[in-house]
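Enquirer: Coordinates in input.tsv, TSV, C-alpha atoms and all ligand atoms, are listed below.
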chain	number	residue	atom	x	y	z
A	799	MET	CA	18.99	19.27	5.84
A	800	LYS	CA	17.39	16.08	7.09
A	801	SER	CA	16.99	13.13	4.77
A	802	GLY	CA	16.27	9.43	4.92
A	803	LEU	CA	14.25	6.32	4.26
A	804	ILE	CA	11.38	5.41	6.54
A	805	THR	CA	9.83	1.98	6.15
A	806	LEU	CA	6.20	1.34	7.06
A	807	VAL	CA	5.74	-2.19	8.35
A	808	GLY	CA	2.83	-4.03	9.82
A	809	ARG	CA	0.40	-6.84	9.38
A	810	SER	CA	-1.81	-6.89	6.33
A	811	ASN	CA	-4.78	-4.50	6.35
A	812	VAL	CA	-3.61	-2.21	9.16
A	813	GLY	CA	-3.58	0.77	6.76
A	814	LYS	CA	0.05	1.20	5.67
A	815	SER	CA	-0.79	2.15	2.08
A	816	THR	CA	-3.57	4.48	3.23
A	817	LEU	CA	-1.09	6.18	5.55
A	818	LEU	CA	1.48	6.55	2.76
A	819	ASN	CA	-1.11	8.16	0.49
A	820	THR	CA	-2.28	10.52	3.24
A	821	ILE	CA	1.26	11.59	4.16
A	822	ILE	CA	2.18	12.29	0.52
A	823	GLY	CA	-1.22	13.81	-0.26
A	824	THR	CA	-1.64	11.84	-3.50
A	825	LYS	CA	-2.84	8.34	-4.11
A	826	ILE	CA	0.25	6.33	-4.95
A	827	ALA	CA	-0.52	2.96	-3.40
A	828	ALA	CA	-3.59	0.76	-3.86
A	829	VAL	CA	-5.88	0.43	-0.85
A	830	THR	CA	-8.49	-2.27	-0.32
A	831	ASP	CA	-10.20	-4.10	2.52
A	832	LYS	CA	-8.50	-7.36	1.51
A	833	PRO	CA	-5.24	-8.59	3.01
A	834	GLN	CA	-2.08	-8.56	0.91
A	835	THR	CA	-3.16	-5.81	-1.43
A	836	THR	CA	0.32	-4.31	-1.69
A	837	ARG	CA	2.74	-6.43	-3.69
A	838	ASN	CA	5.54	-4.00	-4.39
A	839	VAL	CA	7.77	-1.76	-2.37
A	840	ILE	CA	6.51	1.73	-3.11
A	841	HIS	CA	8.31	4.95	-2.23
A	842	GLY	CA	6.48	8.18	-1.43
A	843	VAL	CA	8.57	11.34	-1.20
A	844	LEU	CA	7.76	14.17	1.21
A	845	ASN	CA	9.67	17.44	0.82
A	846	ARG	CA	9.55	19.90	3.70
A	847	PRO	CA	11.65	22.90	4.71
A	848	GLU	CA	13.38	20.55	7.21
A	849	GLY	CA	14.44	18.17	4.43
A	850	GLN	CA	13.23	15.11	2.54
A	851	ALA	CA	11.53	12.05	4.00
A	852	VAL	CA	11.09	9.02	1.75
A	853	PHE	CA	8.37	6.72	3.05
A	854	VAL	CA	8.50	3.09	1.95
A	855	ASP	CA	5.25	1.12	1.81
A	856	THR	CA	5.68	-2.63	2.07
A	857	PRO	CA	3.46	-5.68	1.57
A	858	GLY	CA	1.68	-6.68	4.77
A	859	ILE	CA	3.06	-9.50	6.84
A	860	PHE	CA	0.64	-12.34	6.37
A	861	ARG	CA	1.33	-15.61	8.11
A	862	GLU	CA	-0.92	-17.92	6.21
A	863	LYS	CA	1.27	-18.20	3.15
A	864	ARG	CA	-0.46	-18.20	-0.19
A	865	GLY	CA	2.48	-20.01	-1.68
A	866	HIS	CA	5.27	-18.58	-3.76
A	867	LEU	CA	3.94	-15.02	-3.99
A	868	SER	CA	3.53	-14.69	-0.21
A	869	SER	CA	7.08	-15.79	0.49
A	870	GLN	CA	8.28	-13.40	-2.16
A	871	LEU	CA	6.33	-10.61	-0.48
A	872	THR	CA	7.75	-11.41	2.95
A	873	ASP	CA	11.26	-11.41	1.46
A	874	SER	CA	10.63	-7.98	0.01
A	875	VAL	CA	9.66	-6.70	3.48
A	876	HIS	CA	12.95	-7.99	4.91
A	877	GLU	CA	14.77	-6.42	2.00
A	878	SER	CA	13.13	-3.03	2.53
A	879	LEU	CA	14.16	-3.03	6.19
A	880	ARG	CA	17.81	-2.94	5.17
A	881	ASP	CA	19.70	0.36	5.05
A	882	ILE	CA	16.88	2.49	6.35
A	883	ASP	CA	16.95	5.33	8.87
A	884	LEU	CA	13.67	4.91	10.67
A	885	VAL	CA	10.87	2.39	10.94
A	886	ILE	CA	7.19	3.05	11.48
A	887	TYR	CA	5.38	0.08	12.92
A	888	VAL	CA	1.69	0.41	12.02
A	889	ALA	CA	-0.87	-1.32	14.24
A	890	ASP	CA	-4.64	-1.81	14.04
A	891	PRO	CA	-6.33	-1.52	17.47
A	892	THR	CA	-9.38	-3.46	16.28
A	893	LYS	CA	-7.30	-6.63	15.92
A	894	PRO	CA	-5.80	-8.64	18.78
A	895	ILE	CA	-2.07	-9.22	19.01
A	896	GLY	CA	-1.90	-12.65	17.39
A	897	PRO	CA	0.87	-14.71	15.81
A	898	GLU	CA	1.19	-12.39	12.80
A	899	GLU	CA	1.56	-9.33	15.00
A	900	ARG	CA	4.21	-11.12	17.01
A	901	MET	CA	6.08	-11.91	13.79
A	902	VAL	CA	6.09	-8.24	12.84
A	903	LEU	CA	7.09	-7.17	16.33
A	904	SER	CA	10.02	-9.55	16.49
A	905	LEU	CA	11.18	-8.23	13.12
A	906	VAL	CA	10.91	-4.64	14.37
A	907	ARG	CA	12.62	-5.38	17.69
A	908	LYS	CA	15.71	-6.68	15.91
A	909	LEU	CA	16.27	-3.31	14.24
A	910	THR	CA	18.64	-0.92	15.97
A	911	ILE	CA	17.38	2.24	14.23
A	912	PRO	CA	14.79	4.60	15.80
A	913	LYS	CA	11.22	3.30	15.76
A	914	ILE	CA	7.83	4.94	15.87
A	915	MET	CA	4.59	3.09	16.60
A	916	VAL	CA	1.51	4.33	14.79
A	917	ILE	CA	-1.79	3.08	16.17
A	918	ASN	CA	-4.07	3.70	13.20
A	919	LYS	CA	-7.86	3.92	12.82
A	920	SER	CA	-8.31	6.40	15.70
A	921	ASP	CA	-11.57	7.49	14.04
A	922	LEU	CA	-13.27	4.28	15.16
A	923	SER	CA	-15.25	4.04	18.40
A	924	ALA	CA	-13.71	2.89	21.67
A	925	ALA	CA	-15.75	-0.31	21.43
A	926	GLU	CA	-14.27	-1.08	18.02
A	927	LYS	CA	-10.74	-0.32	19.18
A	928	GLU	CA	-11.00	-3.20	21.59
A	929	PHE	CA	-7.28	-3.94	21.72
A	930	LEU	CA	-5.98	-0.39	21.95
A	931	SER	CA	-4.47	-0.81	25.41
A	932	ASP	CA	-2.55	-3.92	24.31
A	933	TYR	CA	-0.75	-1.83	21.70
A	934	GLN	CA	-0.31	1.15	24.00
A	935	SER	CA	1.51	-1.10	26.44
A	936	LEU	CA	4.18	-1.83	23.79
A	937	ASP	CA	5.13	1.81	23.82
A	938	GLU	CA	8.49	1.49	25.60
A	939	ASP	CA	9.99	-0.25	22.56
A	940	PHE	CA	9.43	2.93	20.54
A	941	ALA	CA	10.82	6.47	20.44
A	942	ALA	CA	7.24	7.69	20.07
A	943	THR	CA	3.71	6.31	19.87
A	944	ILE	CA	1.17	8.21	17.81
A	945	GLU	CA	-2.52	7.47	17.51
A	946	LEU	CA	-3.94	8.75	14.24
A	947	SER	CA	-6.44	8.18	11.49
A	948	ALA	CA	-4.96	7.66	8.02
A	949	THR	CA	-8.35	7.77	6.27
A	950	MET	CA	-9.56	10.90	8.09
A	951	ASN	CA	-6.15	12.63	7.85
A	952	ARG	CA	-6.23	13.13	11.61
A	953	HIS	CA	-3.10	13.67	13.71
A	954	ILE	CA	-0.74	13.17	10.74
A	955	GLN	CA	1.32	16.32	11.40
A	956	PRO	CA	2.64	15.14	14.79
A	957	LEU	CA	3.88	12.00	13.03
A	958	ILE	CA	5.65	13.99	10.31
A	959	GLN	CA	7.22	16.25	12.91
A	960	LYS	CA	8.52	13.25	14.86
A	961	VAL	CA	9.87	11.68	11.67
A	962	PHE	CA	11.95	14.77	10.86
A	963	GLU	CA	13.15	14.93	14.47
A	964	LEU	CA	14.50	11.40	14.20
A	965	LEU	CA	15.92	11.51	10.66
A	966	PRO	CA	19.67	12.01	10.23
A	967	GLU	CA	21.25	14.87	8.33
A	968	GLY	CA	21.77	14.12	4.67
A	969	GLU	CA	21.30	14.96	1.03
A	970	PRO	CA	17.90	14.40	-0.63
A	971	LEU	CA	17.48	10.99	-2.30
A	972	TYR	CA	15.01	12.18	-4.95
A	973	PRO	CA	14.84	15.33	-7.08
A	974	ALA	CA	12.35	17.82	-5.62
A	975	ASP	CA	9.72	17.23	-8.32
A	976	GLN	CA	9.60	13.43	-8.06
A	977	LEU	CA	6.93	11.98	-5.75
A	978	THR	CA	7.59	8.30	-6.11
A	979	ASN	CA	9.79	5.54	-7.51
A	980	VAL	CA	6.97	3.98	-9.51
A	981	SER	CA	6.43	4.61	-13.21
A	982	LYS	CA	3.22	5.92	-14.71
A	983	ASP	CA	2.48	2.47	-16.20
A	984	PHE	CA	2.89	0.81	-12.82
A	985	TRP	CA	0.61	3.39	-11.23
A	986	ILE	CA	-2.10	2.78	-13.87
A	987	ALA	CA	-1.77	-0.98	-13.38
A	988	GLU	CA	-2.10	-0.55	-9.60
A	989	ILE	CA	-5.34	1.39	-9.98
A	990	ILE	CA	-6.77	-1.38	-12.17
A	991	ARG	CA	-5.53	-4.04	-9.73
A	992	GLU	CA	-7.18	-2.17	-6.85
A	993	LYS	CA	-10.52	-2.24	-8.67
A	994	ILE	CA	-10.10	-5.97	-9.29
A	995	PHE	CA	-9.58	-6.48	-5.55
A	996	LEU	CA	-12.64	-4.37	-4.77
A	997	ALA	CA	-14.90	-6.07	-7.33
A	998	LEU	CA	-14.02	-9.74	-7.04
A	999	ARG	CA	-14.46	-12.17	-4.23
A	1000	LYS	CA	-12.21	-14.34	-2.16
A	1001	GLU	CA	-9.20	-15.82	-3.88
A	1002	VAL	CA	-9.89	-14.47	-7.38
A	1003	PRO	CA	-7.98	-11.16	-7.07
A	1004	TYR	CA	-4.90	-13.01	-5.83
A	1005	THR	CA	-4.73	-14.94	-9.09
A	1006	THR	CA	-4.38	-11.73	-11.09
A	1007	HIS	CA	-1.67	-9.50	-12.36
A	1008	VAL	CA	-2.09	-6.39	-14.54
A	1009	GLU	CA	0.23	-5.28	-17.32
A	1010	ILE	CA	-0.06	-2.14	-19.41
A	1011	ALA	CA	0.20	-2.93	-23.12
A	1012	GLY	CA	0.12	0.68	-24.28
A	1013	VAL	CA	-0.62	4.25	-23.33
A	1014	GLU	CA	-1.32	6.79	-26.04
A	1015	GLU	CA	-1.70	10.45	-25.12
A	1016	LYS	CA	-4.01	12.09	-27.62
A	1017	PRO	CA	-4.87	15.81	-27.34
A	1018	ASP	CA	-8.16	15.30	-25.54
A	1019	ILE	CA	-8.05	11.68	-24.38
A	1020	THR	CA	-5.62	9.09	-23.04
A	1021	VAL	CA	-6.02	5.67	-24.62
A	1022	ILE	CA	-4.87	2.85	-22.36
A	1023	LYS	CA	-4.64	-0.83	-23.22
A	1024	ALA	CA	-4.19	-3.17	-20.27
A	1025	VAL	CA	-4.12	-6.93	-19.86
A	1026	VAL	CA	-5.34	-8.75	-16.75
A	1027	TYR	CA	-3.51	-12.05	-16.37
A	1028	THR	CA	-4.81	-14.94	-14.31
A	1029	TYR	CA	-3.65	-18.53	-13.73
A	1030	ASP	CA	-6.59	-20.42	-14.97
A	1031	ARG	CA	-9.52	-20.48	-17.39
A	1032	LYS	CA	-11.98	-20.77	-14.51
A	1033	TYR	CA	-10.73	-17.50	-13.02
A	1034	LYS	CA	-10.77	-15.79	-16.38
A	1035	GLU	CA	-14.50	-16.49	-16.58
A	1036	MET	CA	-15.04	-15.07	-13.09
A	1037	ILE	CA	-13.06	-11.94	-13.89
A	1038	ILE	CA	-15.09	-11.34	-17.04
A	1039	GLY	CA	-18.34	-12.21	-15.27
A	1040	LYS	CA	-21.76	-12.99	-16.70
A	1041	GLY	CA	-22.17	-11.06	-19.92
A	1042	GLY	CA	-18.92	-9.24	-19.17
A	1043	ARG	CA	-20.42	-7.52	-16.16
A	1044	ALA	CA	-17.50	-7.87	-13.76
A	1045	ILE	CA	-14.80	-6.68	-16.12
A	1046	LYS	CA	-17.04	-3.80	-17.15
A	1047	GLU	CA	-17.47	-2.71	-13.54
A	1048	ILE	CA	-13.70	-2.93	-12.99
A	1049	GLY	CA	-13.04	-0.92	-16.14
A	1050	ILE	CA	-15.50	1.83	-15.27
A	1051	ALA	CA	-14.17	2.23	-11.72
A	1052	ALA	CA	-10.56	2.35	-12.94
A	1053	ARG	CA	-11.35	4.76	-15.75
A	1054	LYS	CA	-13.15	7.15	-13.39
A	1055	GLU	CA	-10.23	7.24	-10.99
A	1056	LEU	CA	-7.70	7.69	-13.79
A	1057	GLU	CA	-9.74	10.54	-15.26
A	1058	GLN	CA	-10.03	12.24	-11.89
A	1059	ALA	CA	-6.33	11.89	-11.14
A	1060	THR	CA	-5.12	13.08	-14.55
A	1061	ASN	CA	-7.88	15.58	-15.27
A	1062	LYS	CA	-8.27	14.14	-18.74
A	1063	LYS	CA	-10.66	11.79	-20.49
A	1064	VAL	CA	-9.54	8.16	-20.53
A	1065	PHE	CA	-10.41	5.31	-22.83
A	1066	LEU	CA	-9.53	2.07	-21.10
A	1067	GLU	CA	-9.44	-1.21	-22.94
A	1068	LEU	CA	-9.18	-4.23	-20.65
A	1069	GLU	CA	-8.39	-7.73	-21.84
A	1070	VAL	CA	-8.28	-10.88	-19.71
A	1071	GLU	CA	-5.76	-13.60	-20.51
A	1072	VAL	CA	-4.72	-16.88	-18.98
A	1073	ASP	CA	-1.04	-17.13	-18.15
A	1074	LYS	CA	0.07	-19.73	-15.63
A	1075	HIS	CA	3.47	-18.11	-15.35
A	1076	TRP	CA	2.74	-14.43	-14.70
A	1077	MET	CA	4.37	-14.71	-11.29
A	1078	ASP	CA	7.73	-15.31	-12.90
A	1079	ARG	CA	7.52	-11.83	-14.35
A	1080	VAL	CA	6.58	-10.01	-11.12
A	1101	LIG	N1	-11.56	3.28	9.93
A	1101	LIG	C1	-10.36	3.35	9.34
A	1101	LIG	N2	-10.04	2.48	8.35
A	1101	LIG	C2	-8.82	2.58	7.79
A	1101	LIG	C3	-7.86	3.56	8.20
A	1101	LIG	N3	-6.74	3.39	7.46
A	1101	LIG	C4	-6.97	2.37	6.61
A	1101	LIG	N4	-8.23	1.87	6.81
A	1101	LIG	C5	-8.87	0.78	6.05
A	1101	LIG	O1	-8.16	-0.43	6.26
A	1101	LIG	C6	-8.18	-1.25	5.08
A	1101	LIG	C7	-6.77	-1.63	4.68
A	1101	LIG	O2	-6.05	-0.49	4.25
A	1101	LIG	P1	-4.69	-0.58	3.42
A	1101	LIG	O3	-4.09	0.77	3.43
A	1101	LIG	O4	-4.91	-1.26	2.12
A	1101	LIG	O5	-3.85	-1.56	4.39
A	1101	LIG	P2	-2.38	-2.15	4.19
A	1101	LIG	O6	-1.77	-2.20	5.55
A	1101	LIG	O7	-1.64	-1.37	3.17
A	1101	LIG	O8	-2.69	-3.61	3.68
A	1101	LIG	P3	-1.74	-4.61	2.81
A	1101	LIG	O9	-1.27	-3.87	1.62
A	1101	LIG	O10	-2.64	-5.74	2.50
A	1101	LIG	O11	-0.64	-4.99	3.73
A	1101	LIG	C8	-8.89	-0.44	4.00
A	1101	LIG	O12	-10.23	-0.88	3.94
A	1101	LIG	C9	-8.78	1.00	4.53
A	1101	LIG	O13	-9.83	1.83	4.06
A	1101	LIG	C10	-8.25	4.49	9.26
A	1101	LIG	O14	-7.52	5.38	9.66
A	1101	LIG	N5	-9.49	4.31	9.78
A	1102	MG	MG	-0.86	-1.94	1.37
Represent the supplied structure as structure tokens.
Ligand SMILES: Nc1nc2c(ncn2[C@@H]2O[C@H](COP(=O)(O)OP(=O)(O)OP(=O)(O)O)[C@@H](O)[C@H]2O)c(=O)[nH]1
Ligand SMILES: [Mg+2]
Expert:
Amino acid sequence: MKSGLITLVGRSNVGKSTLLNTIIGTKIAAVTDKPQTTRNVIHGVLNRPEGQAVFVDTPGIFREKRGHLSSQLTDSVHESLRDIDLVIYVADPTKPIGPEERMVLSLVRKLTIPKIMVINKSDLSAAEKEFLSDYQSLDEDFAATIELSATMNRHIQPLIQKVFELLPEGEPLYPADQLTNVSKDFWIAEIIREKIFLALRKEVPYTTHVEIAGVEEKPDITVIKAVVYTYDRKYKEMIIGKGGRAIKEIGIAARKELEQATNKKVFLELEVEVDKHWMDRV
């Protein structure tokens, strides 16, 4: 049996979390159009007759540091590149190879394990994939280069096949019925955080952190209490919005997704609180 850890690395917004979700076939990781959406190292487990592949989603490499949290995120990427069996470098052909890309590439080049390059977003037009050939020309650093579309679930099987080809023999790391390392509470908090990123502008989402205060499973409904923490009073007002409009929109979007994923009615109570020190708890 094959078995191993495969880390997905790449600049922010290239589609690492989308790819993880598509490979596993369930939404585990939050996906948004904003950089630095992923803050935690998330495992997604794929069981196949050939063995078990554990994909590790990481925060995007983002050069312009947003202070403490950004450095912490970059550290966690370095950490998740230790003791792995394979690395998948994810690239976005609509973006030029700039300083951030070079940072990621130098990180990847230092690794002595097998490497695969995924050039994502193949669904876009040739005009949009302006920098495709720049990435294709990096191909000799990699055991394989695969162009695919994570959102359209296109050309994913060739990637999975290559992954199992390159993985070493070994015992499974997770029991067969476990899809991820994250708890149900974390998963709920991630869905809420994703809706915050989608609803709010600019820097506001980055000031937030979501904690689950309670989950109560009743026969016909799940009652969830969650707290959105932010640094500052000013942000709290923006998160709540005029007449509570913003927080309402966030709550409705999160509730809908939770109901769809769990096939059960959800009552979601969202509170917004100011806590300058939430980062210390992350
Ligand atoms: N057109 C297209 N868009 C995609 C594809 N994959 C991801 N995206 C979009 O790219 C954006 C970023 O996706 P994420 O999966 O959050 O990217 P990420 O690399 O995890 O980003 P960070 O967590 O910030 O590092 C989202 O708007 C996705 O919908 C794809 O195959 N095609
Ligand atoms: Mg991500």
Enquirer: Would you mind listing, for every residue of chain A within 6 Å of ligand LIG 1101 (chain A), the two atoms forming the shortest contact and the distance between them in Å to one decimal, using only C-alpha atoms and all ligand atoms, sorted by chain and ascending residue number, as a Markdown table?
Expert:
| residue | atom | partner | partner_atom | distance |
| --- | --- | --- | --- | --- |
| A:Ser810 | CA | A:LIG1101 | O11 | 3.4 |
| A:Asn811 | CA | A:LIG1101 | O8 | 3.5 |
| A:Val812 | CA | A:LIG1101 | O6 | 4.1 |
| A:Gly813 | CA | A:LIG1101 | O5 | 3.3 |
| A:Lys814 | CA | A:LIG1101 | O6 | 3.9 |
| A:Ser815 | CA | A:LIG1101 | O7 | 3.8 |
| A:Thr816 | CA | A:LIG1101 | O3 | 3.8 |
| A:Val829 | CA | A:LIG1101 | O4 | 3.6 |
| A:Thr830 | CA | A:LIG1101 | O4 | 4.4 |
| A:Asp831 | CA | A:LIG1101 | O12 | 3.5 |
| A:Pro833 | CA | A:LIG1101 | O10 | 3.9 |
| A:Gln834 | CA | A:LIG1101 | O10 | 3.3 |
| A:Thr835 | CA | A:LIG1101 | O10 | 4.0 |
| A:Thr836 | CA | A:LIG1101 | O9 | 3.7 |
| A:Pro857 | CA | A:LIG1101 | O11 | 4.7 |
| A:Gly858 | CA | A:LIG1101 | O11 | 3.1 |
| A:Asn918 | CA | A:LIG1101 | O14 | 5.2 |
| A:Lys919 | CA | A:LIG1101 | N5 | 3.5 |
| A:Asp921 | CA | A:LIG1101 | N5 | 5.7 |
| A:Leu922 | CA | A:LIG1101 | N1 | 5.6 |
| A:Ser947 | CA | A:LIG1101 | O14 | 3.5 |
| A:Ala948 | CA | A:LIG1101 | O14 | 3.8 |
| A:Thr949 | CA | A:LIG1101 | O14 | 4.2 |
Enquirer: Using all atoms listed in the file, which residue out of A:Glu877, A:Asp855, A:Glu969, A:Asp1018 lies closest to Lys1063 of chain A?
Expert: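 Result for the nearest residue to Lys1063 of chain A: A:Asp1018.
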Enquirer: May I ask which of the residues A:Asp932, A:Asp939, A:Asp873, A:Asp983 is the closest one to Tyr887 of chain A, counting all atoms listed in the file?
Expert: A:Asp939
Enquirer: Within 12 Å of Glu1057 of chain A, counting only C-alpha atoms, which residues qualify if same-chain residues fewer than 3 places away don't, as a ChimeraX atom specification?
Expert: /A:986,989,1018-1022,1049-1054,1060-1066
Enquirer: Would you please work out which residue, of A:Lys913, A:His953, A:Arg999, A:Arg809, is nearest to ligand MG 1102 (chain A) when using only C-alpha atoms and all ligand atoms?
Expert: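 Answer, going by the shortest atom-to-atom distance: A:Arg809.
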Enquirer: Please, what distance in Å, to one decimal, runs between atom CA of Ile917 of chain A and atom CA of Val961 of chain A?
Expert: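 These atoms are spaced 15.2 Å apart.
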Enquirer: Please list, as a PyMOL selection string, the residues that have an atom at most 10 Å away from (-3.9, -8.1, 17.5) in the coordinates of this file, counting only C-alpha atoms.
Expert: chain A and resi 809+889-900+928-930+932-933
Enquirer: To one decimal place in Å, what is the distance between atom CA of Val852 of chain A and atom CA of Glu945 of chain A?
Expert: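 Separating atom CA of Val852 of chain A from atom CA of Glu945 of chain A is a distance of 20.9 Å.
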Enquirer: Within 12 Å of Arg846 of chain A, counting only C-alpha atoms, which residues qualify if same-chain residues fewer than 2 places away don't, as a count of residues only?
Expert: 19
